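File shown here: entry06.txt, holding compact mmCIF, C-alpha atoms and all ligand atoms.
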```txt
# COMPACT_ATOMS: atom_id res chain seq x y z
CA MET A 1 9.82 11.24 22.41
CA SER A 2 12.20 8.83 20.66
CA ARG A 3 12.75 5.32 21.97
CA LEU A 4 15.89 3.31 21.30
CA LEU A 5 16.64 -0.35 21.98
CA VAL A 6 20.08 -0.94 23.51
CA CYS A 7 21.91 -3.86 25.11
CA PRO A 8 24.60 -3.45 27.80
CA PRO A 9 28.10 -4.69 26.79
CA ASP A 10 28.52 -7.22 29.64
CA TYR A 11 29.68 -9.94 27.23
CA PHE A 12 31.05 -7.75 24.44
CA GLY A 13 34.37 -8.86 22.94
CA ILE A 14 36.12 -9.96 19.76
CA GLU A 15 35.61 -13.72 19.69
CA TYR A 16 35.51 -14.21 15.90
CA GLU A 17 36.33 -12.22 12.76
CA ILE A 18 33.47 -11.47 10.38
CA ASN A 19 34.47 -8.02 9.12
CA PRO A 20 37.81 -6.36 8.32
CA TRP A 21 37.82 -4.42 11.61
CA MET A 22 37.70 -7.47 13.85
CA ARG A 23 40.92 -9.13 14.96
CA ARG A 24 40.82 -11.62 17.79
CA SER A 25 44.30 -10.50 18.77
CA ASN A 26 42.98 -6.95 19.28
CA ALA A 27 41.27 -7.63 22.60
CA VAL A 28 38.59 -5.34 23.97
CA ASN A 29 39.33 -3.53 27.22
CA SER A 30 36.07 -4.51 28.92
CA ASP A 31 36.10 -1.85 31.63
CA GLN A 32 36.74 0.81 29.04
CA ALA A 33 33.97 -0.57 26.79
CA VAL A 34 31.53 -0.48 29.71
CA ARG A 35 32.52 3.11 30.51
CA GLN A 36 32.18 4.21 26.89
CA TRP A 37 28.80 2.52 26.55
CA HIS A 38 27.46 4.17 29.72
CA HIS A 39 28.74 7.53 28.55
CA LEU A 40 26.91 7.06 25.24
CA MET A 41 23.72 6.15 27.12
CA GLN A 42 24.07 9.20 29.33
CA VAL A 43 24.44 11.52 26.33
CA LEU A 44 21.45 9.91 24.62
CA GLU A 45 19.23 10.23 27.68
CA ARG A 46 20.41 13.50 29.13
CA ASP A 47 21.48 15.59 26.11
CA VAL A 48 19.31 14.12 23.40
CA GLY A 49 16.31 13.21 25.56
CA VAL A 50 15.59 9.73 24.22
CA VAL A 51 14.00 6.89 26.18
CA LEU A 52 16.15 3.76 26.32
CA GLU A 53 14.79 0.23 26.32
CA ARG A 54 17.44 -2.09 27.70
CA MET A 55 17.70 -5.68 26.51
CA LYS A 56 19.23 -8.35 28.72
CA PRO A 57 22.77 -9.28 27.55
CA VAL A 58 23.44 -12.98 26.91
CA PRO A 59 26.73 -14.77 27.65
CA GLY A 60 28.39 -16.10 24.49
CA LEU A 61 26.82 -13.45 22.24
CA PRO A 62 29.48 -10.73 22.06
CA ASP A 63 27.78 -8.76 19.27
CA LEU A 64 24.29 -8.61 20.83
CA VAL A 65 25.31 -5.13 21.96
CA PHE A 66 24.85 -3.99 18.31
CA THR A 67 21.06 -3.70 18.48
CA ALA A 68 20.88 -1.86 15.13
CA ASN A 69 21.11 -5.41 13.80
CA ALA A 70 18.16 -6.70 15.84
CA GLY A 71 15.86 -6.06 12.92
CA VAL A 72 13.80 -3.16 11.73
CA VAL A 73 10.72 -1.60 13.29
CA MET A 74 8.03 0.69 11.99
CA GLY A 75 4.89 1.36 13.99
CA CYS A 76 3.81 -1.95 15.49
CA LYS A 77 5.56 -4.04 12.83
CA ALA A 78 8.96 -5.62 13.40
CA VAL A 79 11.10 -7.73 11.05
CA PRO A 80 13.88 -9.55 12.94
CA SER A 81 17.24 -9.98 11.22
CA ARG A 82 18.49 -13.07 9.40
CA PHE A 83 22.24 -12.89 9.87
CA ARG A 84 24.68 -13.96 7.16
CA TYR A 85 27.21 -15.47 9.55
CA ALA A 86 26.54 -18.40 11.89
CA GLU A 87 28.31 -16.54 14.69
CA ARG A 88 25.54 -13.95 14.76
CA GLN A 89 22.62 -16.22 13.79
CA ARG A 90 22.56 -17.26 17.45
CA GLU A 91 21.30 -13.74 18.26
CA GLU A 92 18.19 -14.01 16.08
CA ALA A 93 15.97 -15.81 18.61
CA HIS A 94 16.82 -13.30 21.35
CA PHE A 95 15.92 -10.30 19.21
CA GLU A 96 12.77 -11.98 17.94
CA ASP A 97 11.70 -12.80 21.52
CA TRP A 98 12.25 -9.20 22.50
CA PHE A 99 10.00 -7.96 19.69
CA ARG A 100 7.28 -10.52 20.50
CA SER A 101 7.33 -9.91 24.23
CA HIS A 102 7.01 -6.17 23.61
CA GLY A 103 3.87 -6.58 21.57
CA TYR A 104 5.21 -6.15 18.04
CA ASP A 105 3.57 -7.77 15.07
CA VAL A 106 6.51 -9.89 13.94
CA PHE A 107 7.07 -10.58 10.22
CA THR A 108 9.74 -13.20 9.56
CA LEU A 109 11.83 -13.60 6.44
CA GLU A 110 12.50 -17.12 5.21
CA GLU A 111 15.65 -18.74 6.53
CA GLY A 112 18.69 -18.05 4.37
CA LEU A 113 17.35 -14.72 3.10
CA PHE A 114 19.93 -12.54 4.79
CA PHE A 115 18.87 -9.19 6.20
CA GLU A 116 20.75 -7.39 8.98
CA GLY A 117 18.10 -4.98 10.20
CA ALA A 118 18.61 -1.26 10.61
CA GLY A 119 22.30 -1.84 9.89
CA ASP A 120 21.28 -2.18 6.24
CA LEU A 121 17.90 -0.43 5.98
CA LEU A 122 17.77 3.30 6.59
CA GLY A 123 15.79 6.16 5.28
CA PHE A 124 13.93 9.36 5.33
CA PRO A 125 10.20 9.26 6.04
CA ASP A 126 9.41 8.36 2.43
CA ASP A 127 12.62 7.30 0.70
CA TRP A 128 14.24 4.20 2.15
CA PHE A 129 17.60 2.77 1.15
CA GLY A 130 18.81 -0.81 1.50
CA GLY A 131 22.50 -1.78 1.60
CA TYR A 132 23.47 -5.12 0.06
CA GLY A 133 26.52 -6.89 -1.29
CA GLN A 134 28.23 -7.53 2.05
CA ARG A 135 25.64 -8.77 4.56
CA SER A 136 22.01 -8.34 3.48
CA ASP A 137 20.65 -9.99 0.34
CA ILE A 138 19.15 -7.63 -2.23
CA ARG A 139 16.18 -10.04 -2.52
CA ALA A 140 15.02 -9.10 0.97
CA PHE A 141 14.18 -5.53 -0.06
CA PRO A 142 11.16 -6.11 -2.34
CA ILE A 143 9.59 -8.16 0.48
CA LEU A 144 10.32 -5.49 3.10
CA SER A 145 9.06 -2.85 0.71
CA GLU A 146 5.70 -4.61 0.56
CA TRP A 147 5.46 -5.19 4.33
CA PHE A 148 6.30 -1.57 5.15
CA THR A 149 4.63 -0.03 2.07
CA ARG A 150 7.72 2.04 1.32
CA GLU A 151 9.90 2.20 -1.76
CA ILE A 152 13.39 0.86 -0.97
CA LEU A 153 16.30 1.85 -3.20
CA PRO A 154 19.00 -0.83 -3.12
CA LEU A 155 22.59 0.43 -2.74
CA ASP A 156 25.52 -1.88 -3.47
CA LEU A 157 28.20 -1.65 -0.76
CA ILE A 158 31.49 -2.02 -2.62
CA ASP A 159 34.08 -1.55 0.15
CA SER A 160 34.33 -4.34 2.73
CA ARG A 161 35.30 -1.85 5.46
CA PHE A 162 31.84 -0.34 5.06
CA TYR A 163 29.99 -3.63 5.26
CA HIS A 164 26.69 -2.32 6.67
CA LEU A 165 24.84 0.65 5.19
CA ASP A 166 24.94 2.45 8.55
CA THR A 167 28.76 2.55 8.43
CA CYS A 168 28.69 4.95 5.45
CA PHE A 169 25.19 6.44 5.23
CA CYS A 170 23.24 8.39 7.83
CA PRO A 171 19.94 10.12 7.01
CA LEU A 172 19.43 13.21 9.18
CA SER A 173 16.16 14.61 10.44
CA GLY A 174 16.08 17.67 8.18
CA GLY A 175 16.34 15.61 5.00
CA ASP A 176 20.14 15.96 4.96
CA LEU A 177 22.40 12.96 4.44
CA LEU A 178 25.76 12.31 6.04
CA TYR A 179 27.60 9.78 3.87
CA TYR A 180 30.86 8.50 2.46
CA PRO A 181 30.38 8.48 -1.34
CA ALA A 182 33.26 6.11 -2.20
CA ALA A 183 31.53 3.26 -0.34
CA PHE A 184 28.99 3.16 -3.20
CA ASP A 185 29.31 2.36 -6.88
CA ARG A 186 28.44 4.91 -9.56
CA TYR A 187 24.90 3.69 -9.82
CA GLY A 188 24.41 4.04 -6.06
CA GLN A 189 25.95 7.49 -6.00
CA ALA A 190 23.64 8.52 -8.84
CA ALA A 191 20.59 7.09 -7.05
CA ILE A 192 21.51 9.08 -3.94
CA ALA A 193 22.10 12.25 -5.97
CA GLU A 194 18.74 11.86 -7.65
CA ARG A 195 16.89 11.83 -4.31
CA ILE A 196 18.91 14.26 -2.21
CA ALA A 197 19.72 17.84 -3.20
CA PRO A 198 23.43 18.76 -3.46
CA GLU A 199 23.36 21.14 -0.48
CA GLN A 200 21.78 18.38 1.61
CA ARG A 201 24.48 15.81 0.86
CA LEU A 202 27.21 16.06 3.48
CA ALA A 203 30.17 14.00 2.24
CA VAL A 204 32.58 13.03 5.01
CA PRO A 205 36.30 12.65 4.18
CA GLU A 206 37.81 9.17 4.10
CA ASN A 207 39.86 9.59 7.29
CA GLU A 208 36.68 10.38 9.26
CA ALA A 209 34.58 7.76 7.47
CA LEU A 210 37.21 5.33 8.78
CA LYS A 211 36.49 6.62 12.28
CA PHE A 212 32.83 5.77 11.71
CA ALA A 213 31.70 9.40 11.33
CA CYS A 214 28.59 8.19 9.48
CA ASN A 215 27.61 5.82 12.28
CA ALA A 216 25.70 8.57 14.04
CA VAL A 217 22.38 8.78 15.88
CA CYS A 218 20.25 11.73 14.83
CA VAL A 219 17.24 12.78 16.89
CA GLY A 220 15.79 16.14 15.91
CA LYS A 221 18.76 18.50 15.61
CA GLN A 222 20.96 16.46 17.98
CA VAL A 223 23.55 14.17 16.41
CA VAL A 224 25.58 11.73 18.51
CA LEU A 225 28.69 10.59 16.65
CA PRO A 226 32.05 9.01 17.48
CA ALA A 227 34.72 11.38 18.79
CA GLY A 228 37.60 12.35 16.48
CA CYS A 229 35.62 13.59 13.47
CA PRO A 230 36.04 17.41 13.51
CA ARG A 231 35.28 17.92 9.80
CA THR A 232 32.02 16.00 10.16
CA GLU A 233 31.13 18.10 13.18
CA GLN A 234 31.70 21.23 11.07
CA LEU A 235 29.50 19.88 8.29
CA LEU A 236 26.73 19.16 10.81
CA ASP A 237 27.12 22.51 12.48
CA ALA A 238 26.82 24.36 9.19
CA ARG A 239 23.43 22.69 8.56
CA GLY A 240 22.11 23.61 12.00
CA TYR A 241 22.73 20.32 13.82
CA CYS A 242 24.25 20.04 17.27
CA PRO A 243 27.00 17.39 17.30
CA HIS A 244 27.68 15.34 20.45
CA PRO A 245 31.00 13.48 20.05
CA VAL A 246 31.42 10.38 22.23
CA PRO A 247 34.60 8.21 22.40
CA LEU A 248 33.69 4.69 21.25
CA ASP A 249 36.96 3.19 20.06
CA GLU A 250 36.46 -0.07 21.99
CA PHE A 251 33.42 -0.77 19.79
CA MET A 252 35.32 0.14 16.63
CA LYS A 253 37.47 -2.92 17.28
CA SER A 254 34.34 -4.87 16.35
CA GLY A 255 33.42 -2.63 13.41
CA GLY A 256 30.74 -0.60 15.17
CA SER A 257 30.04 2.75 16.77
CA ALA A 258 27.21 4.96 18.06
CA LYS A 259 24.46 4.08 15.62
CA CYS A 260 25.13 0.32 15.66
CA LEU A 261 24.64 0.34 19.42
CA THR A 262 21.02 1.51 19.09
CA LEU A 263 17.83 0.55 17.28
CA ALA A 264 15.19 3.20 16.63
CA LEU A 265 11.84 1.92 17.86
CA ASP A 266 9.77 4.75 16.37
N1 LIG B 301 30.90 -7.18 14.86
C1 LIG B 301 29.62 -6.83 14.34
C2 LIG B 301 29.41 -7.50 13.00
O1 LIG B 301 30.34 -7.61 12.26
C3 LIG B 301 29.46 -5.35 14.25
C4 LIG B 301 28.08 -4.92 13.82
C5 LIG B 301 27.94 -3.46 13.66
N2 LIG B 301 26.61 -3.14 13.38
C6 LIG B 301 26.20 -2.24 12.45
N3 LIG B 301 24.94 -1.97 12.38
N4 LIG B 301 27.02 -1.71 11.59
O2 LIG B 301 28.35 -7.92 12.65
```
Please rewrite the model in this file as structure tokens.
Amino acid sequence: MSRLLVCPPDYFGIEYEINPWMRRSNAVNSDQAVRQWHHLMQVLERDVGVVLERMKPVPGLPDLVFTANAGVVMGCKAVPSRFRYAERQREEAHFEDWFRSHGYDVFTLEEGLFFEGAGDLLGFPDDWFGGYGQRSDIRAFPILSEWFTREILPLDLIDSRFYHLDTCFCPLSGGDLLYYPAAFDRYGQAAIAERIAPEQRLAVPENEALKFACNAVCVGKQVVLPAGCPRTEQLLDARGYCPHPVPLDEFMKSGGSAKCLTLALD
């Protein structure tokens, strides 16, 4: 049984601009955001069968809803994020408190060593990948590698629209990878190709990458992804996955989608 940490969007909005998707003038329709979020939760619980842990939303923290950035968890160990931007640094204490009050062994990175949690650290059981160049600092990965006893391959994120690894890279349960190759430099693409067989690399087209096709939640053969990505659904289908499209455009205004709204707890 998979457990995911989520946070209701009570105070979600665009109050600052820290990625190319965010424009303060592009206001969130709050009712619609709440509906979309509840629909996502319903699909995750009912169709995918996950258990949801709900965090309490906090006024003044519009991005707390993106729990992928709470930190990263493996077993009983948790490493809370160190956000690059002051606007999101105010979330750190809330995420850290959540981990502590739920019994995790909390490992903290030194202040100023930026690391944005499962937004930038993703992997298969053995091979982990760390995105840097936009938000997380490459120097965080050797430390995390030691704490989690896993090799972490750093991947430079070269396109500011794909500013977190989870916007362009999604490891799937069967060892397959959904990704947008052009978000990585040649070295990164080669590192990915070296670890993942050609038939297991599912490259999404740019127009769907820009709809956050790679920001998907995979549990077993079920994959929850943003609506509007038919080619990606075909790619998933052909590899035996069952796609569950969910409309999440209110969250795209902030540069996030399905995966960003969850944190895998196991
Ligand atoms: N507005 C948020 C930010 O820029 C969106 C975070 C999306 N999270 C993610 N894991 N990609 O930080």
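The space separating atom CA of A:Phe115 from atom CA of A:Val224 comes to 25.2 Å.
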(request) Let me have all residues with an atom within 10 Å of ligand LIG 301 (chain B), counting all atoms listed in the file, laid out as JSON, numbers by chain. (result) {"A": [12, 13, 14, 15, 16, 17, 18, 19, 20, 21, 22, 62, 63, 64, 65, 66, 67, 68, 69, 70, 71, 83, 84, 85, 87, 88, 116, 117, 118, 119, 120, 121, 135, 162, 163, 164, 165, 166, 167, 168, 212, 215, 251, 252, 253, 254, 255, 256, 257, 258, 259, 260, 261, 262, 263]}
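The shortest atom-to-atom distance to A:Met41, with all atoms listed in the file taken into account, belongs to A:Val217 out of A:Ile152, A:Val217, A:Trp128, A:Ser136.
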Give, as JSON, the centre coordinates and the x, y and z edge lengths in Å to one decimal for an axis-aligned box around all listed atoms of stretch 52-57 of chain A, padded by 6 Å on each side.
```
{"center_x": 18.8, "center_y": -2.8, "center_z": 27.5, "size_x": 20.0, "size_y": 25.0, "size_z": 14.4}
```
(message) Could you tell me how far atom CA of A:Pro243 sits from atom CA of A:Val223, in Å to one decimal place?
(response)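 Spanning atom CA of A:Val223 to atom CA of A:Pro243 is a straight-line distance of 4.8 Å.
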(request) Identify, on the basis of all atoms listed in the file, every residue whose closest approach to A:Ala93 does not exceed 10 Å; exclude the query and any residue fewer than 3 positions from it along the same chain; express the result as number ranges by chain. (result) A: 70, 80-82, 89-90, 96-99
Write a file of the just-selected residues containing C-alpha atoms, as a PDB file, in the coordinates of the input.
```
ATOM      1  CA  ALA A  70      18.160  -6.700  15.840  1.00  0.00           C
ATOM      2  CA  PRO A  80      13.880  -9.550  12.940  1.00  0.00           C
ATOM      3  CA  SER A  81      17.240  -9.980  11.220  1.00  0.00           C
ATOM      4  CA  ARG A  82      18.490 -13.070   9.400  1.00  0.00           C
ATOM      5  CA  GLN A  89      22.620 -16.220  13.790  1.00  0.00           C
ATOM      6  CA  ARG A  90      22.560 -17.260  17.450  1.00  0.00           C
ATOM      7  CA  GLU A  96      12.770 -11.980  17.940  1.00  0.00           C
ATOM      8  CA  ASP A  97      11.700 -12.800  21.520  1.00  0.00           C
ATOM      9  CA  TRP A  98      12.250  -9.200  22.500  1.00  0.00           C
ATOM     10  CA  PHE A  99      10.000  -7.960  19.690  1.00  0.00           C
TER      11      PHE A  99
END
```
(message) Could you check the closest approach to A:Leu122 for each of A:Leu155, A:Gln134, A:Tyr104, A:Tyr187 and tell me which residue wins, using all atoms listed in the file?
(response)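 Residue with the minimum atom-to-atom distance to A:Leu122: A:Leu155.
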(message) Just the number, please: distance in Å from atom CA of A:Glu206 to atom CA of A:Asp159, one decimal.
(response) 12.0 Å
(request) Tell me which of A:Arg201, A:Ser2, A:Ala227, A:Arg23 sits closest to A:Leu44, counting only C-alpha atoms. (result)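 The shortest atom-to-atom distance to A:Leu44 comes from A:Ser2.
Proximity of A:Ser145, A:Gln36, A:Gln189, A:Gln234 to A:Pro205, computed with only C-alpha atoms, is greatest for A:Gln234.
Using all atoms listed in the file for every distance, the candidate list A:Ile158, A:Arg35, A:Gly103, A:Pro171 yields A:Pro171 as the residue closest to A:Arg195.
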(request) Do a neighbour search on A:Gly75 at 10 Å with all atoms listed in the file, toss out local chain neighbours closer than 5 positions, and write the hits as a list of chain:residue names. (result)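 The neighbour list is A:Tyr104, A:Asp105, A:Phe148, A:Leu265, A:Asp266.
Of the residues under consideration (A:Val106, A:Ala140, A:Met55, A:Leu248), A:Leu248 shows the shortest atom-to-atom contact distance to A:Val34 when counting all atoms listed in the file.
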Can you find the residues with an atom no farther than 8 Å from (12.7, -1.5, -0.3), counting only C-alpha atoms, and report them as a CSV table (one decimal) with C-alpha atoms, in the coordinates of the input?
```
chain,number,residue,atom,x,y,z
A,128,TRP,CA,14.2,4.2,2.2
A,129,PHE,CA,17.6,2.8,1.2
A,130,GLY,CA,18.8,-0.8,1.5
A,141,PHE,CA,14.2,-5.5,-0.1
A,142,PRO,CA,11.2,-6.1,-2.3
A,143,ILE,CA,9.6,-8.2,0.5
A,144,LEU,CA,10.3,-5.5,3.1
A,145,SER,CA,9.1,-2.8,0.7
A,146,GLU,CA,5.7,-4.6,0.6
A,150,ARG,CA,7.7,2.0,1.3
A,151,GLU,CA,9.9,2.2,-1.8
A,152,ILE,CA,13.4,0.9,-1.0
A,153,LEU,CA,16.3,1.8,-3.2
A,154,PRO,CA,19.0,-0.8,-3.1
```
